[in-house]
file upload.cif (mmCIF, C-alpha atoms and all ligand atoms)
data_final
loop_
_atom_site.label_atom_id
_atom_site.label_comp_id
_atom_site.auth_asym_id
_atom_site.auth_seq_id
_atom_site.Cartn_x
_atom_site.Cartn_y
_atom_site.Cartn_z
CA MET R 1 171.07 196.32 17.50
CA THR R 2 173.41 193.73 18.90
CA ASN R 3 175.30 191.44 16.56
CA PRO R 4 173.53 188.29 15.39
CA LYS R 5 174.21 185.13 17.38
CA HIS R 6 173.74 182.87 14.39
CA ILE R 7 174.49 183.88 10.81
CA ALA R 8 173.35 181.46 8.10
CA PHE R 9 175.25 181.77 4.83
CA ILE R 10 174.04 180.59 1.44
CA LEU R 11 177.33 180.27 -0.40
CA ASP R 12 176.36 181.20 -3.94
CA GLY R 13 178.26 182.34 -7.00
CA ASN R 14 181.24 179.99 -7.19
CA GLY R 15 180.33 178.92 -10.72
CA ARG R 16 179.89 182.50 -11.96
CA TRP R 17 183.18 183.52 -10.31
CA ALA R 18 184.96 180.82 -12.34
CA LYS R 19 183.04 181.54 -15.54
CA LYS R 20 183.99 185.22 -15.45
CA ARG R 21 187.63 184.12 -15.52
CA GLY R 22 187.21 181.34 -18.10
CA LEU R 23 188.02 178.73 -15.45
CA PRO R 24 186.30 175.40 -14.70
CA ARG R 25 183.54 175.59 -12.07
CA THR R 26 185.56 173.38 -9.73
CA LEU R 27 188.15 176.14 -9.41
CA GLY R 28 185.38 178.47 -8.31
CA HIS R 29 184.49 175.98 -5.59
CA ARG R 30 188.16 175.80 -4.58
CA GLU R 31 188.22 179.58 -4.12
CA GLY R 32 184.93 179.28 -2.27
CA VAL R 33 186.63 177.08 0.32
CA LYS R 34 189.23 179.80 0.91
CA ALA R 35 186.39 182.26 1.48
CA ILE R 36 184.90 179.89 4.09
CA GLU R 37 188.21 179.83 5.94
CA ARG R 38 188.47 183.66 5.87
CA THR R 39 184.90 183.99 7.02
CA LEU R 40 185.42 181.60 9.96
CA LEU R 41 188.31 183.75 11.20
CA ALA R 42 186.32 186.95 10.71
CA LEU R 43 183.35 185.49 12.62
CA ILE R 44 185.64 184.67 15.53
CA ASP R 45 187.12 188.19 15.49
CA LEU R 46 183.62 189.61 15.59
CA LYS R 47 182.54 187.22 18.36
CA ILE R 48 179.70 185.61 16.44
CA PRO R 49 179.14 182.28 18.21
CA TYR R 50 177.16 180.28 15.56
CA ALA R 51 177.38 180.04 11.79
CA SER R 52 175.85 177.71 9.24
CA PHE R 53 176.94 177.32 5.63
CA TYR R 54 174.78 175.95 2.82
CA ALA R 55 177.30 174.22 0.62
CA PHE R 56 175.46 171.32 -1.09
CA SER R 57 171.71 171.08 -1.42
CA THR R 58 169.54 168.02 -2.02
CA ASP R 59 168.91 169.55 -5.47
CA ASN R 60 172.60 169.94 -6.33
CA TRP R 61 172.62 166.24 -7.36
CA LYS R 62 171.19 167.58 -10.64
CA ARG R 63 174.66 168.87 -11.56
CA SER R 64 177.25 166.99 -13.64
CA GLN R 65 179.05 164.00 -12.12
CA GLU R 66 182.30 165.88 -12.70
CA GLU R 67 181.19 168.86 -10.63
CA ILE R 68 179.63 166.70 -7.88
CA PHE R 69 182.71 164.51 -7.49
CA GLY R 70 184.92 167.60 -7.63
CA LEU R 71 182.94 168.95 -4.68
CA PHE R 72 183.27 165.67 -2.78
CA ASP R 73 187.04 165.67 -3.32
CA LEU R 74 187.27 169.23 -2.13
CA ALA R 75 185.20 168.49 0.96
CA LYS R 76 187.35 165.45 1.72
CA GLN R 77 190.55 167.47 1.45
CA TYR R 78 189.22 170.46 3.35
CA PHE R 79 187.75 168.59 6.29
CA SER R 80 190.65 166.18 6.70
CA LYS R 81 193.42 168.78 6.41
CA GLY R 82 191.34 171.30 8.37
CA ILE R 83 191.19 169.48 11.72
CA ASP R 84 194.26 171.29 13.07
CA PHE R 85 192.91 174.63 11.88
CA PHE R 86 189.53 174.02 13.54
CA ASN R 87 191.12 172.89 16.77
CA SER R 88 193.64 175.72 16.92
CA HIS R 89 190.79 178.23 16.56
CA ASP R 90 188.38 176.34 18.84
CA ILE R 91 185.84 175.80 16.04
CA LYS R 92 183.29 173.02 16.43
CA VAL R 93 182.26 171.43 13.15
CA THR R 94 178.85 169.81 12.79
CA PHE R 95 176.83 168.83 9.74
CA PHE R 96 173.21 169.32 8.76
CA GLY R 97 171.84 166.95 6.12
CA ASP R 98 171.69 163.29 5.11
CA LEU R 99 175.35 162.37 4.88
CA SER R 100 174.58 158.70 4.21
CA ALA R 101 174.17 159.49 0.51
CA PHE R 102 177.85 160.40 0.18
CA PRO R 103 180.71 158.04 -0.76
CA MET R 104 181.96 156.14 2.30
CA ASP R 105 185.43 157.75 2.30
CA LEU R 106 183.83 161.20 2.52
CA GLN R 107 181.44 160.05 5.25
CA ILE R 108 184.42 158.80 7.28
CA VAL R 109 186.21 162.16 6.98
CA LEU R 110 183.07 164.08 7.99
CA LYS R 111 182.54 161.85 11.01
CA GLU R 112 186.16 162.25 12.04
CA VAL R 113 186.16 166.05 11.87
CA SER R 114 182.97 166.29 13.90
CA ASN R 115 184.33 163.86 16.51
CA LYS R 116 187.67 165.59 16.80
CA THR R 117 186.19 169.09 17.15
CA LYS R 118 183.21 168.23 19.33
CA ASN R 119 184.52 169.91 22.48
CA ASN R 120 185.34 173.25 20.80
CA LYS R 121 183.26 176.22 21.83
CA THR R 122 184.32 179.60 20.42
CA LEU R 123 182.51 179.18 17.10
CA VAL R 124 179.98 176.44 16.46
CA THR R 125 179.46 175.71 12.76
CA GLY R 126 176.89 173.71 10.83
CA PHE R 127 177.89 172.74 7.31
CA CYS R 128 174.75 171.94 5.34
CA LEU R 129 175.57 169.07 3.00
CA ASN R 130 172.95 167.12 1.09
CA TYR R 131 170.67 169.48 2.97
CA GLY R 132 167.16 170.69 2.19
CA GLY R 133 164.85 172.67 4.46
CA ARG R 134 161.79 170.56 3.63
CA GLU R 135 163.82 167.38 4.05
CA ASP R 136 164.99 168.66 7.46
CA ILE R 137 161.36 169.02 8.61
CA VAL R 138 160.36 165.58 7.27
CA HIS R 139 163.43 164.05 8.94
CA ALA R 140 162.40 165.65 12.25
CA ILE R 141 158.83 164.35 11.93
CA ASN R 142 160.06 160.84 11.14
CA SER R 143 162.25 160.91 14.27
CA LEU R 144 159.17 161.89 16.30
CA LEU R 145 157.08 159.13 14.72
CA LYS R 146 159.73 156.63 15.80
CA GLU R 147 159.16 157.82 19.38
CA ASN R 148 155.44 157.08 18.83
CA LYS R 149 154.49 160.74 19.34
CA LYS R 150 150.76 161.28 18.76
CA LEU R 151 150.69 165.06 19.00
CA ILE R 152 153.56 167.14 17.72
CA THR R 153 154.41 170.58 19.12
CA LEU R 154 156.49 173.39 17.63
CA ASP R 155 159.16 172.65 20.16
CA ASP R 156 159.21 168.94 19.23
CA ILE R 157 160.03 169.87 15.65
CA SER R 158 162.71 172.45 16.58
CA LYS R 159 164.37 169.89 18.85
CA ASN R 160 164.57 167.28 16.10
CA LEU R 161 165.92 169.41 13.27
CA TYR R 162 169.56 169.07 12.26
CA SER R 163 170.06 172.50 13.84
CA LYS R 164 168.71 171.39 17.25
CA ASN R 165 171.74 172.72 19.12
CA PHE R 166 171.69 176.10 17.37
CA PRO R 167 169.60 179.18 18.01
CA ASP R 168 167.52 180.08 14.93
CA PRO R 169 169.51 182.23 12.48
CA ASP R 170 169.15 185.95 13.15
CA PHE R 171 170.59 186.81 9.78
CA VAL R 172 170.72 185.02 6.42
CA ILE R 173 173.32 186.20 3.92
CA ARG R 174 173.06 184.87 0.37
CA THR R 175 175.87 186.03 -1.87
CA SER R 176 175.75 186.52 -5.66
CA GLY R 177 172.63 188.69 -5.67
CA GLU R 178 170.10 185.86 -6.11
CA GLN R 179 167.09 186.71 -3.97
CA ARG R 180 165.69 183.32 -2.99
CA LEU R 181 166.11 180.70 -0.28
CA SER R 182 166.50 177.57 -2.42
CA ASN R 183 165.11 175.29 0.31
CA PHE R 184 167.40 176.51 3.10
CA GLN R 185 166.44 176.11 6.78
CA LEU R 186 162.80 176.89 6.02
CA TRP R 187 161.59 176.24 9.56
CA GLN R 188 164.44 178.05 11.29
CA ILE R 189 164.39 181.32 9.33
CA SER R 190 160.78 182.35 10.06
CA TYR R 191 161.97 185.63 11.60
CA SER R 192 165.50 185.92 10.22
CA GLU R 193 166.62 189.11 8.55
CA LEU R 194 167.56 188.41 4.92
CA TYR R 195 170.36 190.04 2.95
CA PHE R 196 171.41 189.45 -0.65
CA PRO R 197 174.72 191.17 -1.41
CA LYS R 198 175.95 191.05 -5.03
CA VAL R 199 179.44 189.82 -4.13
CA LEU R 200 180.17 186.30 -5.41
CA TRP R 201 181.01 183.86 -2.62
CA PRO R 202 184.72 183.37 -3.55
CA ASP R 203 185.23 187.13 -3.10
CA PHE R 204 183.56 187.25 0.33
CA ASN R 205 185.80 188.46 3.16
CA LYS R 206 185.82 190.35 6.45
CA LYS R 207 185.08 193.65 4.74
CA TYR R 208 181.84 192.23 3.29
CA LEU R 209 180.98 190.64 6.61
CA LEU R 210 181.37 194.00 8.36
CA LYS R 211 179.22 195.63 5.70
CA SER R 212 176.59 192.92 6.17
CA LEU R 213 176.59 193.46 9.94
CA LYS R 214 176.06 197.15 9.38
CA VAL R 215 172.99 196.34 7.29
CA PHE R 216 171.77 194.00 10.04
CA SER R 217 172.28 196.66 12.71
CA LYS R 218 169.85 198.97 10.88
CA ARG R 219 167.06 196.41 10.71
CA LYS R 220 164.25 196.61 13.22
CA ARG R 221 163.07 193.17 14.26
CA ARG R 222 159.58 193.03 15.68
CA PHE R 223 158.66 189.33 15.85
CA GLY R 224 155.05 190.25 15.41
CA GLY R 225 155.09 192.86 18.18
CA TYR R 226 155.83 196.58 17.91
C1 LIG F 301 177.48 177.72 -4.83
O1 LIG F 301 177.94 178.17 -6.03
C2 LIG F 301 178.08 176.40 -4.41
C3 LIG F 301 177.19 175.25 -4.59
C4 LIG F 301 175.90 175.28 -4.80
C5 LIG F 301 177.82 173.93 -4.53
P1 LIG F 301 177.24 177.73 -7.39
O2 LIG F 301 177.94 176.52 -7.91
O3 LIG F 301 175.78 177.60 -7.24
O4 LIG F 301 177.61 178.98 -8.30
P2 LIG F 301 176.71 179.66 -9.43
O5 LIG F 301 175.38 179.95 -8.83
O6 LIG F 301 176.62 178.68 -10.55
O7 LIG F 301 177.46 180.90 -9.78
C1 LIG F 302 171.74 177.10 -3.23
O1 LIG F 302 172.43 177.45 -4.37
C2 LIG F 302 172.37 175.92 -2.59
C3 LIG F 302 173.71 176.11 -2.11
C4 LIG F 302 174.36 177.25 -2.05
C5 LIG F 302 174.33 174.92 -1.65
P1 LIG F 302 172.02 176.95 -5.82
O2 LIG F 302 172.91 177.67 -6.74
O3 LIG F 302 172.01 175.47 -5.87
O4 LIG F 302 170.51 177.45 -5.92
P2 LIG F 302 169.63 177.86 -7.16
O5 LIG F 302 169.64 176.69 -8.11
O6 LIG F 302 170.25 179.07 -7.77
O7 LIG F 302 168.27 178.16 -6.59
MG MG F 303 174.22 178.89 -7.54
#
call {"tool": "encode", "arguments": {"input": "upload.cif", "output": "structure tokens"}}
result
Amino acid sequence: MTNPKHIAFILDGNGRWAKKRGLPRTLGHREGVKAIERTLLALIDLKIPYASFYAFSTDNWKRSQEEIFGLFDLAKQYFSKGIDFFNSHDIKVTFFGDLSAFPMDLQIVLKEVSNKTKNNKTLVTGFCLNYGGREDIVHAINSLLKENKKLITLDDISKNLYSKNFPDPDFVIRTSGEQRLSNFQLWQISYSELYFPKVLWPDFNKKYLLKSLKVFSKRKRRFGGY
């Protein structure tokens, strides 16, 4: 089977990675960012054109203020310092989720990185921040209601999701061995192949990506046909 066009990653296991080493969870997230950077380069090498990354869910607000603000700081640093990296590798950065809930300084950084990378084409990324799959669908329906739509089609919904410029994910990879979706792209993954490797996200690298692609290549997708 050909390689997936869109891989959706659920970045899980940062906390356990840190715990195993007796480190604070925030350090696990810091290592997780390095794994994102490695994965972006590996995706480009392997000519995968779309990737999305679930990095902060609408339910992650349940965590401690310390962890949440640590994540915001990390995102601010990563996306402001990363602009040169994204541009030198022709990576377009977009965001899925309600960013208006974030502190203004973070919102400004996120807006800037998406503006400054908007013409890049080699790898199109969607970072899912304050994202939930159900929320995505409700957000799409509310956009349609604003247009006074009376009858909503499947296509209407797809075209109003945060992922409207992406093909549906062919492949979902959730690291850390947890076998659940945790409210991720529920509409978009109807026919995605799912894979749950045990590796913790901060340890993810090109070798694991290649192994994942090998798993994908053995799957037989039928989409309801034969
Ligand atoms: C994933 O790692 C990153 C976020 C959800 C922000 P976790 O923080 O969920 O790590 P575990 O699941 O506790 O190991
Ligand atoms: C899913 O991971 C969300 C992200 C990776 C951002 P969680 O660690 O929050 O999910 P649960 O709580 O194990 O379902
Ligand atoms: Mg987790």
call {"tool": "atom_distance", "arguments": {"input": "upload.cif", "atom1": "atom C4 of ligand LIG 302 (chain F)", "atom2": "atom CA of Lys47 of chain R"}}
result
24.1 Å
call {"tool": "axis_aligned_box", "arguments": {"input": "upload.cif", "around": "ligand LIG 301 (chain F)", "padding_each_side": "3 Å", "output": "lines of an AutoDock Vina configuration file"}}
result
center_x = 176.7
center_y = 177.4
center_z = -7.5
size_x = 8.7
size_y = 13.0
size_z = 12.1
call {"tool": "closest_residue", "arguments": {"input": "upload.cif", "among": "R:Arg221, R:Lys150, R:Lys62, R:Arg30", "to": "Tyr78 of chain R", "atoms": "only C-alpha atoms"}}
result
R:Arg30
call {"tool": "residues_near_ligand", "arguments": {"input": "upload.cif", "ligand": "ligand LIG 301 (chain F)", "cutoff": "6 Å", "atoms": "all atoms listed in the file", "output": "PDB file with C-alpha atoms, in the frame of the given file"}}
result
ATOM      1  CA  LEU R  11     177.330 180.270  -0.400  1.00  0.00           C
ATOM      2  CA  ASP R  12     176.360 181.200  -3.940  1.00  0.00           C
ATOM      3  CA  GLY R  13     178.260 182.340  -7.000  1.00  0.00           C
ATOM      4  CA  ASN R  14     181.240 179.990  -7.190  1.00  0.00           C
ATOM      5  CA  GLY R  15     180.330 178.920 -10.720  1.00  0.00           C
ATOM      6  CA  ARG R  16     179.890 182.500 -11.960  1.00  0.00           C
ATOM      7  CA  ALA R  55     177.300 174.220   0.620  1.00  0.00           C
ATOM      8  CA  PHE R  56     175.460 171.320  -1.090  1.00  0.00           C
TER       9      PHE R  56
END
call {"tool": "residues_around", "arguments": {"input": "upload.cif", "residues": "Asn3 of chain R", "least_positions_apart": "2", "cutoff": "8 Å", "atoms": "only C-alpha atoms", "output": "PyMOL selection string"}}
result
chain R and resi 1+5+48+213+216-217
call {"tool": "atom_distance", "arguments": {"input": "upload.cif", "atom1": "atom CA of Thr58 of chain R", "atom2": "atom CA of Trp187 of chain R"}}
result
16.3 Å
call {"tool": "residues_around", "arguments": {"input": "upload.cif", "residues": "Ile173 of chain R", "least_positions_apart": "3", "cutoff": "9 Å", "atoms": "all atoms listed in the file", "output": "list in words"}}
result
Ile7, Ala8, Phe9, Ile10, Leu11, Glu193, Leu194, Tyr195, Phe196, Pro197 and Ser212 of chain R
call {"tool": "closest_residue", "arguments": {"input": "upload.cif", "among": "R:Leu181, R:Ile91, R:Leu209, R:Val109", "to": "Gly132 of chain R", "atoms": "all atoms listed in the file"}}
result
R:Leu181
call {"tool": "atom_distance", "arguments": {"input": "upload.cif", "atom1": "atom CA of Pro24 of chain R", "atom2": "atom CA of Thr39 of chain R"}}
result
23.4 Å
call {"tool": "residues_around", "arguments": {"input": "upload.cif", "residues": "Ala35 of chain R", "least_positions_apart": "6", "cutoff": "8 Å", "atoms": "only C-alpha atoms", "output": "MDAnalysis selection string"}}
result
chainID R and resid 201:205
call {"tool": "closest_residue", "arguments": {"input": "upload.cif", "among": "R:Ala140, R:Leu151, R:Ala18, R:Leu210", "to": "ligand MG 303 (chain F)", "atoms": "only C-alpha atoms and all ligand atoms"}}
result
R:Ala18
call {"tool": "residues_around", "arguments": {"input": "upload.cif", "residues": "Asn119 of chain R", "least_positions_apart": "5", "cutoff": "10 Å", "atoms": "all atoms listed in the file", "output": "PyMOL selection string"}}
result
chain R and resi 87+90-93+114+124
